[in-house]
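**Q** I'm passing along data_0.tsv; it holds TSV, C-alpha atoms and all ligand atoms.
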chain	number	residue	atom	x	y	z
A	1447	MET	CA	0.00	0.00	0.00
A	1448	ALA	CA	1.36	3.39	-0.93
A	1449	ARG	CA	2.02	5.82	1.86
A	1450	ILE	CA	-0.21	8.74	0.96
A	1451	ILE	CA	1.17	12.11	1.94
A	1452	ASP	CA	-1.46	14.54	0.86
A	1453	ALA	CA	-0.47	18.05	1.91
A	1454	PRO	CA	0.94	20.25	-0.85
A	1455	LEU	CA	4.71	20.71	-0.87
A	1456	THR	CA	6.17	24.15	-0.62
A	1457	ALA	CA	9.76	24.92	0.14
A	1458	SER	CA	8.70	27.61	2.56
A	1459	ASP	CA	6.51	25.53	4.82
A	1460	GLY	CA	8.17	22.18	4.34
A	1461	GLY	CA	4.76	20.54	4.05
A	1462	GLY	CA	3.72	17.55	1.96
A	1463	CYS	CA	6.35	15.04	0.91
A	1464	ASP	CA	9.02	16.58	3.08
A	1465	PRO	CA	12.31	16.69	1.19
A	1466	ARG	CA	14.08	15.98	4.45
A	1467	THR	CA	12.34	12.62	4.48
A	1468	VAL	CA	12.54	11.96	0.77
A	1469	HIS	CA	16.08	13.02	0.18
A	1470	GLY	CA	17.39	11.54	3.41
A	1471	THR	CA	19.60	14.57	3.99
A	1472	TRP	CA	19.46	14.22	7.73
A	1473	GLY	CA	22.20	11.84	8.73
A	1474	ARG	CA	24.19	12.88	5.64
A	1475	LEU	CA	24.67	16.52	6.57
A	1476	ASP	CA	28.35	15.95	7.24
A	1477	ALA	CA	29.02	14.13	3.94
A	1478	ALA	CA	30.69	17.19	2.39
A	1479	ALA	CA	32.71	18.02	5.53
A	1480	LYS	CA	33.98	14.43	5.72
A	1481	ARG	CA	35.44	14.96	2.27
A	1482	GLY	CA	37.05	18.27	3.19
A	1483	LEU	CA	34.41	20.35	1.37
A	1484	ALA	CA	32.72	23.42	2.82
A	1485	TYR	CA	29.95	25.83	1.86
A	1486	THR	CA	32.15	28.85	1.15
A	1487	PRO	CA	31.14	32.13	-0.55
A	1488	GLU	CA	32.85	30.79	-3.69
A	1489	VAL	CA	30.78	27.60	-3.62
A	1490	LYS	CA	27.64	29.64	-3.00
A	1491	ALA	CA	28.37	31.84	-6.04
A	1492	LYS	CA	28.97	28.75	-8.21
A	1493	THR	CA	25.77	27.02	-7.14
A	1494	ASP	CA	23.18	29.79	-6.59
A	1495	ALA	CA	21.82	29.41	-10.13
A	1496	LEU	CA	21.45	25.65	-9.61
A	1497	TYR	CA	19.49	26.21	-6.42
A	1498	GLU	CA	16.98	28.26	-8.39
A	1499	LYS	CA	16.09	25.07	-10.30
A	1500	VAL	CA	15.33	23.05	-7.19
A	1501	LYS	CA	14.13	25.62	-4.68
A	1502	HIS	CA	10.56	24.29	-4.85
A	1503	VAL	CA	11.62	20.86	-3.61
A	1504	ILE	CA	14.78	21.44	-1.52
A	1505	LEU	CA	14.63	23.50	1.65
A	1506	PRO	CA	17.12	26.40	1.96
A	1507	VAL	CA	18.47	24.80	5.14
A	1508	GLU	CA	19.43	21.68	3.16
A	1509	TRP	CA	21.31	23.49	0.43
A	1510	PRO	CA	24.62	24.12	2.29
A	1511	ALA	CA	24.88	20.33	2.74
A	1512	TYR	CA	24.51	19.69	-0.99
A	1513	ALA	CA	26.20	22.68	-2.63
A	1514	PRO	CA	29.87	21.82	-1.84
A	1515	LEU	CA	29.46	18.32	-3.25
A	1516	ILE	CA	27.64	19.65	-6.32
A	1517	ALA	CA	30.39	22.21	-7.02
A	1518	ALA	CA	33.13	19.60	-6.56
A	1519	ILE	CA	31.38	17.02	-8.76
A	1520	ASN	CA	30.88	19.55	-11.55
A	1521	GLU	CA	34.59	20.47	-11.34
A	1522	MET	CA	35.64	16.83	-11.50
A	1523	LYS	CA	33.40	16.18	-14.50
A	1524	ARG	CA	35.28	18.86	-16.44
A	1525	ALA	CA	38.68	17.63	-15.28
A	1526	LYS	CA	37.98	13.97	-16.09
A	1527	ASP	CA	35.91	14.46	-19.25
A	1528	ALA	CA	32.92	12.79	-17.60
A	1529	VAL	CA	29.17	13.11	-17.97
A	1530	ILE	CA	26.45	12.03	-15.60
A	1531	LEU	CA	23.36	10.26	-16.95
A	1532	ALA	CA	20.60	10.93	-14.43
A	1533	HIS	CA	17.44	8.84	-14.38
A	1534	ASN	CA	14.06	10.41	-13.63
A	1535	TYR	CA	14.03	8.66	-10.24
A	1536	MET	CA	17.12	10.44	-8.96
A	1537	THR	CA	16.60	12.96	-6.20
A	1538	SER	CA	16.42	16.54	-7.45
A	1539	GLU	CA	19.87	17.66	-6.26
A	1540	ILE	CA	21.35	14.94	-8.49
A	1541	PHE	CA	18.84	15.20	-11.32
A	1542	TYR	CA	19.03	18.96	-11.84
A	1543	CYS	CA	22.36	19.96	-10.31
A	1544	VAL	CA	24.93	17.41	-11.54
A	1545	GLY	CA	23.01	15.45	-14.23
A	1546	ASP	CA	24.17	16.27	-17.78
A	1547	PHE	CA	21.57	14.10	-19.46
A	1548	ARG	CA	18.24	13.42	-17.80
A	1549	GLY	CA	15.37	11.15	-18.66
A	1550	ASP	CA	13.96	7.66	-18.70
A	1551	SER	CA	15.85	4.49	-19.62
A	1552	LEU	CA	15.29	4.97	-23.35
A	1553	GLN	CA	16.44	8.59	-23.37
A	1554	LEU	CA	19.55	7.72	-21.35
A	1555	ALA	CA	20.35	4.74	-23.58
A	1556	ARG	CA	20.25	7.05	-26.61
A	1557	GLU	CA	22.43	9.65	-24.87
A	1558	ALA	CA	25.02	7.00	-24.02
A	1559	THR	CA	25.56	6.48	-27.74
A	1560	THR	CA	25.97	10.17	-28.59
A	1561	THR	CA	28.24	11.59	-25.91
A	1562	ASP	CA	31.92	12.14	-26.69
A	1563	ALA	CA	32.91	12.11	-23.03
A	1564	LYS	CA	35.45	9.47	-21.95
A	1565	VAL	CA	33.67	8.65	-18.71
A	1566	ILE	CA	29.98	7.99	-18.01
A	1567	VAL	CA	28.73	8.03	-14.44
A	1568	GLN	CA	25.35	6.34	-14.27
A	1569	ALA	CA	23.09	7.99	-11.75
A	1570	GLY	CA	20.62	5.14	-11.87
A	1571	VAL	CA	20.64	1.42	-11.19
A	1572	HIS	CA	23.04	-1.27	-12.32
A	1573	PHE	CA	21.19	-2.49	-15.42
A	1574	MET	CA	21.25	1.08	-16.75
A	1575	ALA	CA	25.02	1.27	-16.31
A	1576	GLU	CA	25.31	-2.06	-18.12
A	1577	THR	CA	23.22	-0.66	-20.99
A	1578	SER	CA	25.58	2.32	-21.25
A	1579	LYS	CA	28.60	-0.02	-21.31
A	1580	ILE	CA	26.96	-2.27	-23.91
A	1581	LEU	CA	26.45	0.74	-26.18
A	1582	SER	CA	29.73	2.48	-25.39
A	1583	PRO	CA	32.36	-0.23	-24.81
A	1584	ASP	CA	35.29	2.16	-25.21
A	1585	LYS	CA	34.11	4.47	-22.45
A	1586	THR	CA	34.69	4.00	-18.75
A	1587	VAL	CA	31.26	3.47	-17.21
A	1588	LEU	CA	30.95	3.95	-13.45
A	1589	ILE	CA	28.13	3.08	-11.07
A	1590	PRO	CA	28.47	4.92	-7.75
A	1591	ASP	CA	27.02	2.08	-5.68
A	1592	LEU	CA	27.17	-1.59	-6.66
A	1593	ARG	CA	24.14	-2.33	-4.50
A	1594	ALA	CA	21.87	-0.25	-6.77
A	1595	GLY	CA	19.94	-3.20	-8.20
A	1596	CYS	CA	16.35	-3.69	-9.32
A	1597	SER	CA	13.68	-6.22	-8.34
A	1598	LEU	CA	12.76	-6.73	-11.98
A	1599	ALA	CA	16.34	-7.29	-13.12
A	1600	ALA	CA	16.87	-9.71	-10.22
A	1601	SER	CA	13.75	-11.74	-11.11
A	1602	ILE	CA	15.20	-13.46	-14.17
A	1603	THR	CA	18.50	-14.91	-15.46
A	1604	GLY	CA	19.89	-15.78	-18.87
A	1605	ALA	CA	19.28	-19.47	-18.08
A	1606	ASP	CA	15.59	-18.70	-17.43
A	1607	VAL	CA	15.30	-17.05	-20.85
A	1608	ARG	CA	16.93	-20.05	-22.54
A	1609	LEU	CA	14.33	-22.32	-20.91
A	1610	ILE	CA	11.48	-20.03	-22.04
A	1611	LYS	CA	12.84	-20.10	-25.61
A	1612	GLU	CA	12.99	-23.92	-25.51
A	1613	LYS	CA	9.36	-23.99	-24.41
A	1614	PHE	CA	8.19	-21.53	-27.08
A	1615	PRO	CA	10.47	-22.02	-30.10
A	1616	GLY	CA	10.15	-19.40	-32.82
A	1617	VAL	CA	8.26	-16.91	-30.63
A	1618	PRO	CA	10.08	-13.55	-30.50
A	1619	VAL	CA	11.52	-12.51	-27.14
A	1620	VAL	CA	10.96	-8.86	-26.23
A	1621	THR	CA	12.83	-7.95	-23.06
A	1622	TYR	CA	12.28	-4.91	-20.90
A	1623	VAL	CA	15.50	-2.94	-20.46
A	1624	ASN	CA	15.21	-3.47	-16.70
A	1625	THR	CA	17.26	-6.67	-17.02
A	1626	SER	CA	20.88	-7.76	-16.84
A	1627	ALA	CA	23.18	-7.85	-19.87
A	1628	GLU	CA	23.07	-11.66	-19.91
A	1629	VAL	CA	19.25	-11.60	-20.15
A	1630	LYS	CA	19.36	-9.02	-22.95
A	1631	ALA	CA	21.91	-11.23	-24.72
A	1632	GLU	CA	19.33	-14.04	-24.90
A	1633	SER	CA	16.65	-11.71	-26.31
A	1634	ASP	CA	15.60	-10.66	-29.80
A	1635	VAL	CA	14.85	-7.05	-28.98
A	1636	THR	CA	14.58	-4.82	-25.91
A	1637	CYS	CA	11.89	-2.32	-25.01
A	1638	THR	CA	11.23	0.36	-22.43
A	1639	SER	CA	7.93	1.48	-20.94
A	1640	SER	CA	7.99	4.30	-23.53
A	1641	ASN	CA	7.88	1.95	-26.48
A	1642	ALA	CA	6.82	-1.48	-25.13
A	1643	ALA	CA	3.54	-1.66	-27.08
A	1644	ALA	CA	5.22	-0.42	-30.29
A	1645	VAL	CA	8.08	-2.96	-29.98
A	1646	VAL	CA	5.68	-5.85	-29.28
A	1647	GLU	CA	3.59	-4.90	-32.34
A	1648	TRP	CA	6.77	-4.64	-34.42
A	1649	ALA	CA	8.01	-8.07	-33.22
A	1650	ALA	CA	4.64	-9.67	-34.05
A	1651	ARG	CA	4.82	-8.20	-37.58
A	1652	GLU	CA	8.49	-9.13	-38.15
A	1653	TRP	CA	8.09	-12.71	-36.90
A	1654	LYS	CA	4.64	-13.01	-38.54
A	1655	THR	CA	3.09	-14.29	-35.34
A	1656	ASP	CA	0.24	-13.40	-33.01
A	1657	ARG	CA	2.27	-14.42	-29.92
A	1658	VAL	CA	5.15	-12.52	-28.33
A	1659	ILE	CA	7.20	-13.25	-25.21
A	1660	LEU	CA	7.44	-10.06	-23.10
A	1661	ILE	CA	9.61	-10.43	-20.00
A	1662	PRO	CA	10.17	-9.99	-17.08
A	1663	ASP	CA	7.48	-7.57	-15.77
A	1664	GLU	CA	4.16	-9.37	-15.35
A	1665	TYR	CA	2.18	-6.14	-15.02
A	1666	LEU	CA	3.81	-4.40	-17.98
A	1667	ALA	CA	3.05	-7.56	-20.00
A	1668	LYS	CA	-0.61	-7.51	-18.95
A	1669	ASN	CA	-0.89	-3.79	-19.67
A	1670	VAL	CA	0.71	-4.18	-23.12
A	1671	ALA	CA	-1.58	-7.13	-23.87
A	1672	ALA	CA	-4.60	-4.92	-23.04
A	1673	GLN	CA	-3.30	-2.21	-25.41
A	1674	THR	CA	-2.27	-4.35	-28.35
A	1675	GLY	CA	-4.55	-7.40	-28.35
A	1676	ILE	CA	-1.43	-9.52	-29.02
A	1677	LYS	CA	-1.16	-12.80	-27.09
A	1678	ILE	CA	1.60	-12.30	-24.55
A	1679	ILE	CA	3.71	-14.90	-22.79
A	1680	ALA	CA	4.97	-13.33	-19.57
A	1681	TRP	CA	7.30	-13.84	-16.62
A	1682	HIS	CA	6.39	-13.24	-12.98
A	1683	GLY	CA	8.77	-10.34	-12.25
A	1684	ARG	CA	7.42	-7.25	-10.52
A	1685	CYS	CA	8.72	-3.78	-9.75
A	1686	GLU	CA	8.69	-3.58	-5.97
A	1687	VAL	CA	7.80	0.12	-6.13
A	1688	HIS	CA	4.89	0.08	-8.58
A	1689	GLU	CA	3.30	-3.19	-7.46
A	1690	ARG	CA	2.42	-1.51	-4.15
A	1691	PHE	CA	-0.10	0.87	-5.73
A	1692	THR	CA	-3.68	-0.37	-5.59
A	1693	ALA	CA	-7.02	0.61	-7.10
A	1694	GLU	CA	-8.11	1.38	-3.52
A	1695	ASP	CA	-5.29	3.96	-3.33
A	1696	VAL	CA	-6.72	5.63	-6.44
A	1697	ALA	CA	-10.24	5.67	-4.94
A	1698	GLU	CA	-8.90	7.14	-1.68
A	1699	LEU	CA	-6.96	9.81	-3.57
A	1700	ARG	CA	-9.99	10.82	-5.60
A	1701	ALA	CA	-12.16	11.00	-2.46
A	1702	ALA	CA	-9.59	13.07	-0.56
A	1703	HIS	CA	-8.70	15.33	-3.49
A	1704	PRO	CA	-11.72	16.01	-5.72
A	1705	GLY	CA	-10.65	16.86	-9.26
A	1706	VAL	CA	-7.18	15.31	-8.96
A	1707	VAL	CA	-5.78	13.93	-12.23
A	1708	VAL	CA	-4.32	10.45	-11.66
A	1709	LEU	CA	-1.31	9.44	-13.78
A	1710	ALA	CA	0.05	5.88	-13.59
A	1711	HIS	CA	3.20	4.12	-14.77
A	1712	PRO	CA	2.65	0.86	-16.72
A	1713	GLU	CA	4.60	-1.17	-14.14
A	1714	CYS	CA	1.50	-0.65	-11.94
A	1715	PRO	CA	-1.11	-3.44	-11.67
A	1716	PRO	CA	-3.79	-3.43	-14.42
A	1717	ASP	CA	-6.61	-2.39	-12.06
A	1718	VAL	CA	-4.57	0.71	-11.14
A	1719	MET	CA	-4.08	1.50	-14.83
A	1720	ALA	CA	-7.81	1.06	-15.42
A	1721	ALA	CA	-8.61	3.50	-12.60
A	1722	ALA	CA	-6.12	6.17	-13.75
A	1723	ASP	CA	-6.84	9.12	-16.06
A	1724	PHE	CA	-3.63	8.71	-18.05
A	1725	ALA	CA	-0.84	6.16	-18.12
A	1726	GLY	CA	2.60	5.98	-19.67
A	1727	SER	CA	6.33	5.89	-19.10
A	1728	THR	CA	8.04	8.45	-16.90
A	1729	ALA	CA	8.71	10.53	-20.03
A	1730	ALA	CA	5.04	10.33	-21.06
A	1731	LEU	CA	3.92	11.36	-17.56
A	1732	GLN	CA	6.29	14.31	-17.61
A	1733	HIS	CA	5.08	15.42	-21.06
A	1734	TYR	CA	1.49	15.16	-19.86
A	1735	VAL	CA	2.11	17.51	-16.92
A	1736	GLU	CA	4.14	19.94	-19.05
A	1737	GLU	CA	1.52	20.10	-21.79
A	1738	LYS	CA	-1.78	19.84	-19.89
A	1739	ARG	CA	-0.78	21.66	-16.68
A	1740	PRO	CA	-3.48	19.99	-14.57
A	1741	GLY	CA	-4.48	21.98	-11.49
A	1742	LYS	CA	-3.93	19.03	-9.17
A	1743	VAL	CA	-2.13	15.83	-10.10
A	1744	VAL	CA	-0.84	12.61	-8.59
A	1745	LEU	CA	1.89	10.50	-10.20
A	1746	LEU	CA	1.66	6.81	-9.31
A	1747	THR	CA	5.34	6.11	-9.70
A	1748	GLU	CA	8.59	6.53	-7.78
A	1749	CYS	CA	8.65	9.42	-5.31
A	1750	SER	CA	11.52	11.44	-6.76
A	1751	MET	CA	9.85	11.55	-10.16
A	1752	SER	CA	7.13	13.74	-8.62
A	1753	ASP	CA	9.79	15.99	-7.09
A	1754	ASN	CA	11.56	16.41	-10.43
A	1755	VAL	CA	8.39	17.15	-12.38
A	1756	ALA	CA	7.20	19.46	-9.59
A	1757	ALA	CA	10.45	21.41	-9.69
A	1758	ALA	CA	9.75	22.25	-13.34
A	1759	ALA	CA	6.01	22.88	-12.83
A	1760	PRO	CA	5.65	24.93	-9.64
A	1761	ASP	CA	2.14	26.05	-10.65
A	1762	VAL	CA	0.83	22.45	-10.46
A	1763	ASP	CA	-0.34	21.05	-7.12
A	1764	PHE	CA	1.25	17.63	-6.65
A	1765	ILE	CA	-0.33	15.06	-4.33
A	1766	ARG	CA	2.39	12.67	-3.28
A	1767	PRO	CA	1.93	8.97	-2.73
A	1768	CYS	CA	5.47	8.30	-1.60
A	1769	ASN	CA	6.87	4.97	-2.79
A	1770	LEU	CA	10.66	5.18	-2.88
A	1771	CYS	CA	12.86	2.80	-4.86
A	1772	PRO	CA	15.49	1.68	-2.33
A	1773	HIS	CA	17.85	0.79	-5.19
A	1774	MET	CA	17.66	4.18	-6.86
A	1775	LYS	CA	18.18	5.80	-3.47
A	1776	ARG	CA	21.57	4.06	-3.14
A	1777	ILE	CA	22.80	6.74	-5.53
A	1778	THR	CA	23.71	9.85	-3.55
A	1779	LEU	CA	25.73	12.99	-4.19
A	1780	GLU	CA	28.54	11.74	-1.96
A	1781	GLY	CA	28.50	8.38	-3.77
A	1782	ILE	CA	28.85	10.17	-7.11
A	1783	TYR	CA	31.66	12.30	-5.69
A	1784	ASP	CA	33.55	9.21	-4.43
A	1785	SER	CA	32.90	7.40	-7.68
A	1786	LEU	CA	34.48	10.16	-9.75
A	1787	ALA	CA	37.29	10.86	-7.28
A	1788	GLU	CA	38.36	7.20	-7.10
A	1789	MET	CA	37.05	6.15	-10.57
A	1790	LYS	CA	34.97	3.37	-9.01
A	1791	HIS	CA	32.97	1.11	-9.61
A	1792	GLU	CA	33.73	0.33	-13.21
A	1793	VAL	CA	31.11	-1.75	-15.04
A	1794	MET	CA	32.56	-4.61	-17.11
A	1795	ILE	CA	30.70	-7.06	-19.36
A	1796	PRO	CA	32.14	-10.13	-21.13
A	1797	GLU	CA	32.53	-9.19	-24.81
A	1798	ASP	CA	30.46	-12.08	-26.20
A	1799	VAL	CA	27.57	-11.16	-23.89
A	1800	ARG	CA	27.93	-7.47	-24.73
A	1801	VAL	CA	27.81	-8.05	-28.48
A	1802	ARG	CA	24.66	-10.18	-28.29
A	1803	ALA	CA	22.96	-7.79	-25.86
A	1804	LYS	CA	23.82	-4.88	-28.15
A	1805	GLN	CA	22.03	-6.55	-31.07
A	1806	ALA	CA	18.82	-6.60	-29.02
A	1807	ILE	CA	19.21	-2.97	-27.96
A	1808	ASP	CA	20.20	-1.83	-31.46
A	1809	ARG	CA	17.02	-3.35	-32.88
A	1810	MET	CA	15.02	-1.23	-30.46
A	1811	LEU	CA	17.02	1.93	-31.16
A	1812	ALA	CA	16.64	1.43	-34.93
A	1813	LEU	CA	12.83	1.60	-34.70
A	1814	PRO	CA	11.35	4.96	-35.72
A	1815	LYS	CA	11.75	7.48	-32.92
A	1816	GLU	CA	8.30	8.38	-31.68
A	1817	LYS	CA	6.78	10.31	-28.82
A	1818	PRO	CA	6.49	8.08	-25.71
A	1819	ARG	CA	3.28	6.17	-26.33
A	1820	ALA	CA	0.49	6.62	-23.79
A	1821	PHE	CA	-1.42	3.59	-22.49
A	1822	GLU	CA	-5.16	4.02	-22.91
A	1823	THR	CA	-6.73	3.79	-19.46
A	1824	GLY	CA	-10.05	2.14	-18.58
A	1825	ARG	CA	-9.43	-0.89	-20.79
A	1826	PRO	CA	-10.58	-4.34	-19.61
A	1827	ALA	CA	-7.84	-6.60	-18.21
A	1828	ALA	CA	-6.15	-8.91	-20.72
A	1829	HIS	CA	-5.05	-12.48	-20.11
A	1830	VAL	CA	-1.36	-13.38	-20.43
A	1831	GLU	CA	0.27	-16.82	-20.30
A	1832	LEU	CA	2.61	-16.85	-17.31
A	1833	VAL	CA	5.66	-19.13	-17.41
B	1901	LIG	S1	11.62	1.57	-9.52
B	1901	LIG	FE1	11.18	-0.62	-9.81
B	1901	LIG	S2	11.86	-1.05	-11.92
B	1901	LIG	FE2	12.82	0.90	-11.30
B	1901	LIG	S3	14.82	0.32	-10.44
B	1901	LIG	FE3	13.38	0.42	-8.71
B	1901	LIG	S4	12.67	-1.72	-8.48
B	1901	LIG	FE4	13.59	-1.55	-10.54
Let me see the structure of the file written as structure tokens.

**A**
Amino acid sequence: MARIIDAPLTASDGGGCDPRTVHGTWGRLDAAAKRGLAYTPEVKAKTDALYEKVKHVILPVEWPAYAPLIAAINEMKRAKDAVILAHNYMTSEIFYCVGDFRGDSLQLAREATTTDAKVIVQAGVHFMAETSKILSPDKTVLIPDLRAGCSLAASITGADVRLIKEKFPGVPVVTYVNTSAEVKAESDVTCTSSNAAAVVEWAAREWKTDRVILIPDEYLAKNVAAQTGIKIIAWHGRCEVHERFTAEDVAELRAAHPGVVVLAHPECPPDVMAAADFAGSTAALQHYVEEKRPGKVVLLTECSMSDNVAAAAPDVDFIRPCNLCPHMKRITLEGIYDSLAEMKHEVMIPEDVRVRAKQAIDRMLALPKEKPRAFETGRPAAHVELV
């Protein structure tokens, strides 16, 4: 069950989804000092413009704890020819203040192929760093914390995929990017939540079949099946963040906040998608808020995503059901600082695995670039065959 925090957030009153809780600053206030960094007038001058971007979600009292690390990280990036790829679920001080490229998995995967920098620091979870390494083998790819995993990626192995393929020979394997390199290497094509329905439809056409294997997220598979009408063979993986949202949460939110617009991520259960007003990937949810500017909105996805969208849309009232991803929250400013300072932890992938995984990702990237596709809400649930 999501923890519903329903007061509006303002930096001045500290109400709502309190950044002190979300960002976990307390207990880390001495992170900069431990590294010999201080909030000096010079640091203040270098970071004041960055604070303007996040002032709606980070309290002024927090800023002196972050600013020295932010200034030092941005210096080190220049000195070491490094860029930081920041996922939408990063906390705002990372996302807006040290991230060079920001977005969902698909956007970051594309950026990894275009940057000329020698070093990529992945401000995200391990499978994302692997994707960057798969696409950019000559670059040094760093993940600040090796414990930044993912419940979906951990749900399936390459051996599992080989068994599925034995059971369903000739059926194309579409694999969500939230998987390890060895799982991607066993797959025909990857997808993200931005393009899952489009990739499944493409695979069905290419393989001339009405059945597609879509792994490992059971709920994404069910939601794609409802959108496409294609028979889906699915795995029983779940995102531990999105599976906690329920249709009862949506009913409670609507009762407590009349007129609220409910946006859901397709890793949510199908009954949550059916109860939402709009559903799509993190990029699609962000575009929706930017374009429609709803008066009051709730994003049924990871907590920091709401913070990051709220920072760019201060006129929108965000209701905050706060489900944090513990893996994403392993990535901190001090972790990024240490990662760059010590050039740790470098992501390595066996070359034969990398080459096969790249084929699956390249197939996805070669598909026509389109706006993140929305999932139509209110559709009846679709059956999938679970293996
Ligand atoms: S939010 Fe869910 S899918 Fe994303 S990294 Fe966390 S556990 Fe994995």

**Q** Have a look at A:Lys1585, A:Lys1790, A:Arg1608, A:Lys1564 and name the one nearest to A:Ala1528; count all atoms listed in the file.

**A**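 Of A:Lys1585, A:Lys1790, A:Arg1608, A:Lys1564, the one nearest A:Ala1528, counting all atoms listed in the file, is A:Lys1564.
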
**Q** May I have the protein, DNA and RNA residues with any atom at most 9 Å from the point (-3.7, 19.9, -14.2), counting all atoms listed in the file, written as a list in words?

**A**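 Checking each residue against the 9 Å limit leaves Val1706, Val1707, Val1735, Lys1738, Arg1739, Pro1740, Gly1741, Lys1742, Val1743, Val1762 and Asp1763 of chain A.
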
**Q** Listed atoms of ligand LIG 1901 (chain B), axis-aligned box, 5 Å per side: centre and edge lengths to one decimal in Å, as JSON?

**A**
{"center_x": 13.0, "center_y": -0.1, "center_z": -10.2, "size_x": 13.6, "size_y": 13.3, "size_z": 13.4}

**Q** Of the candidates A:Arg1548, A:His1688, A:Arg1481, A:Lys1579, which shows the shortest atom-to-atom distance to ligand LIG 1901 (chain B), using all atoms listed in the file?

**A**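 Among the listed residues, the smallest separation from ligand LIG 1901 (chain B) belongs to A:His1688.
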
**Q** Using only C-alpha atoms, which residue out of A:Val1587, A:Ile1530, A:Ala1729, A:Cys1768 lies closest to A:Lys1817?

**A**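 The answer is A:Ala1729, which sits nearest to A:Lys1817.
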
**Q** Which residues are close to A:Ala1650, i.e. within 12 Å by all atoms listed in the file, leaving aside same-chain residues fewer than 6 positions away? Reply as number ranges by chain.

**A** A: 1616-1620, 1634-1635, 1643-1644, 1656-1660, 1674-1678

**Q** Compute the set of protein, DNA and RNA residues whose minimum atom distance to ligand LIG 1901 (chain B) is at most 7 Å, using only C-alpha atoms and all ligand atoms, and state it as a PDB file with C-alpha atoms, keeping the file's coordinate frame.

**A**
ATOM      1  CA  VAL A1571      20.640   1.420 -11.190  1.00  0.00           C
ATOM      2  CA  GLY A1595      19.940  -3.200  -8.200  1.00  0.00           C
ATOM      3  CA  CYS A1596      16.350  -3.690  -9.320  1.00  0.00           C
ATOM      4  CA  SER A1597      13.680  -6.220  -8.340  1.00  0.00           C
ATOM      5  CA  LEU A1598      12.760  -6.730 -11.980  1.00  0.00           C
ATOM      6  CA  ALA A1599      16.340  -7.290 -13.120  1.00  0.00           C
ATOM      7  CA  ASN A1624      15.210  -3.470 -16.700  1.00  0.00           C
ATOM      8  CA  CYS A1685       8.720  -3.780  -9.750  1.00  0.00           C
ATOM      9  CA  GLU A1686       8.690  -3.580  -5.970  1.00  0.00           C
ATOM     10  CA  VAL A1687       7.800   0.120  -6.130  1.00  0.00           C
ATOM     11  CA  HIS A1688       4.890   0.080  -8.580  1.00  0.00           C
ATOM     12  CA  GLU A1748       8.590   6.530  -7.780  1.00  0.00           C
ATOM     13  CA  CYS A1771      12.860   2.800  -4.860  1.00  0.00           C
ATOM     14  CA  PRO A1772      15.490   1.680  -2.330  1.00  0.00           C
ATOM     15  CA  HIS A1773      17.850   0.790  -5.190  1.00  0.00           C
ATOM     16  CA  MET A1774      17.660   4.180  -6.860  1.00  0.00           C
TER      17      MET A1774
END

**Q** Can you list, as a PyMOL selection string, every protein, DNA or RNA residue that comes within 10 Å of A:Ala1757 when you count only C-alpha atoms, leaving out same-chain residues fewer than 5 positions away?

**A** chain A and resi 1498-1504+1538+1542+1751-1752+1762

**Q** Would you mind telling me which residue in A:Pro1487, A:Pro1514, A:Gly1570, A:Pro1814 lies nearest to A:Ala1532 when using all atoms listed in the file?

**A**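 Smallest distance to A:Ala1532 is found for A:Gly1570.
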
**Q** Would you mind telling me which residue in A:Pro1583, A:Gly1545, A:Gly1482, A:Gly1683 lies nearest to A:Leu1515 when using all atoms listed in the file?

**A**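 Smallest separation from A:Leu1515 among the options: A:Gly1482.
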
**Q** Using all atoms listed in the file, which of the listed residues (A:Ala1525, A:Ile1519, A:Val1793, A:Leu1554) sits closest to A:Asp1591?

**A**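 Answer, going by the shortest atom-to-atom distance: A:Val1793.
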
**Q** From (35.3, 3.0, -14.0), in the file's coordinates, out to 12 Å: which residues are reached, counting only C-alpha atoms? Answer as number ranges by chain.

**A** A: 1526, 1528, 1564-1568, 1575-1576, 1579, 1583-1592, 1782, 1784-1794

**Q** Please measure the separation of atom CA of A:Phe1724 and atom CA of A:Pro1712, giving the value in Å to one decimal.

**A**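 Computing the Euclidean distance for atom CA of A:Phe1724 and atom CA of A:Pro1712 yields 10.1 Å.
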
**Q** Output as an mmCIF file, in the frame of the given file: stretch 1611-1615 of chain A, completed with N, CA, C and O atoms.

**A**
data_model
loop_
_atom_site.group_PDB
_atom_site.id
_atom_site.type_symbol
_atom_site.label_atom_id
_atom_site.label_comp_id
_atom_site.auth_asym_id
_atom_site.auth_seq_id
_atom_site.Cartn_x
_atom_site.Cartn_y
_atom_site.Cartn_z
ATOM 1 N N LYS A 1611 12.720 -19.964 -24.147
ATOM 2 C CA LYS A 1611 12.840 -20.100 -25.610
ATOM 3 C C LYS A 1611 12.669 -21.560 -26.040
ATOM 4 O O LYS A 1611 12.096 -21.844 -27.087
ATOM 5 N N GLU A 1612 13.169 -22.488 -25.203
ATOM 6 C CA GLU A 1612 12.990 -23.920 -25.510
ATOM 7 C C GLU A 1612 11.518 -24.292 -25.489
ATOM 8 O O GLU A 1612 11.039 -25.089 -26.291
ATOM 9 N N LYS A 1613 10.789 -23.668 -24.558
ATOM 10 C CA LYS A 1613 9.360 -23.990 -24.410
ATOM 11 C C LYS A 1613 8.537 -23.373 -25.528
ATOM 12 O O LYS A 1613 7.502 -23.923 -25.915
ATOM 13 N N PHE A 1614 8.967 -22.233 -26.044
ATOM 14 C CA PHE A 1614 8.190 -21.530 -27.080
ATOM 15 C C PHE A 1614 9.100 -21.227 -28.280
ATOM 16 O O PHE A 1614 9.396 -20.054 -28.573
ATOM 17 N N PRO A 1615 9.537 -22.263 -28.985
ATOM 18 C CA PRO A 1615 10.470 -22.020 -30.100
ATOM 19 C C PRO A 1615 9.822 -21.151 -31.183
ATOM 20 O O PRO A 1615 8.650 -21.317 -31.499
#
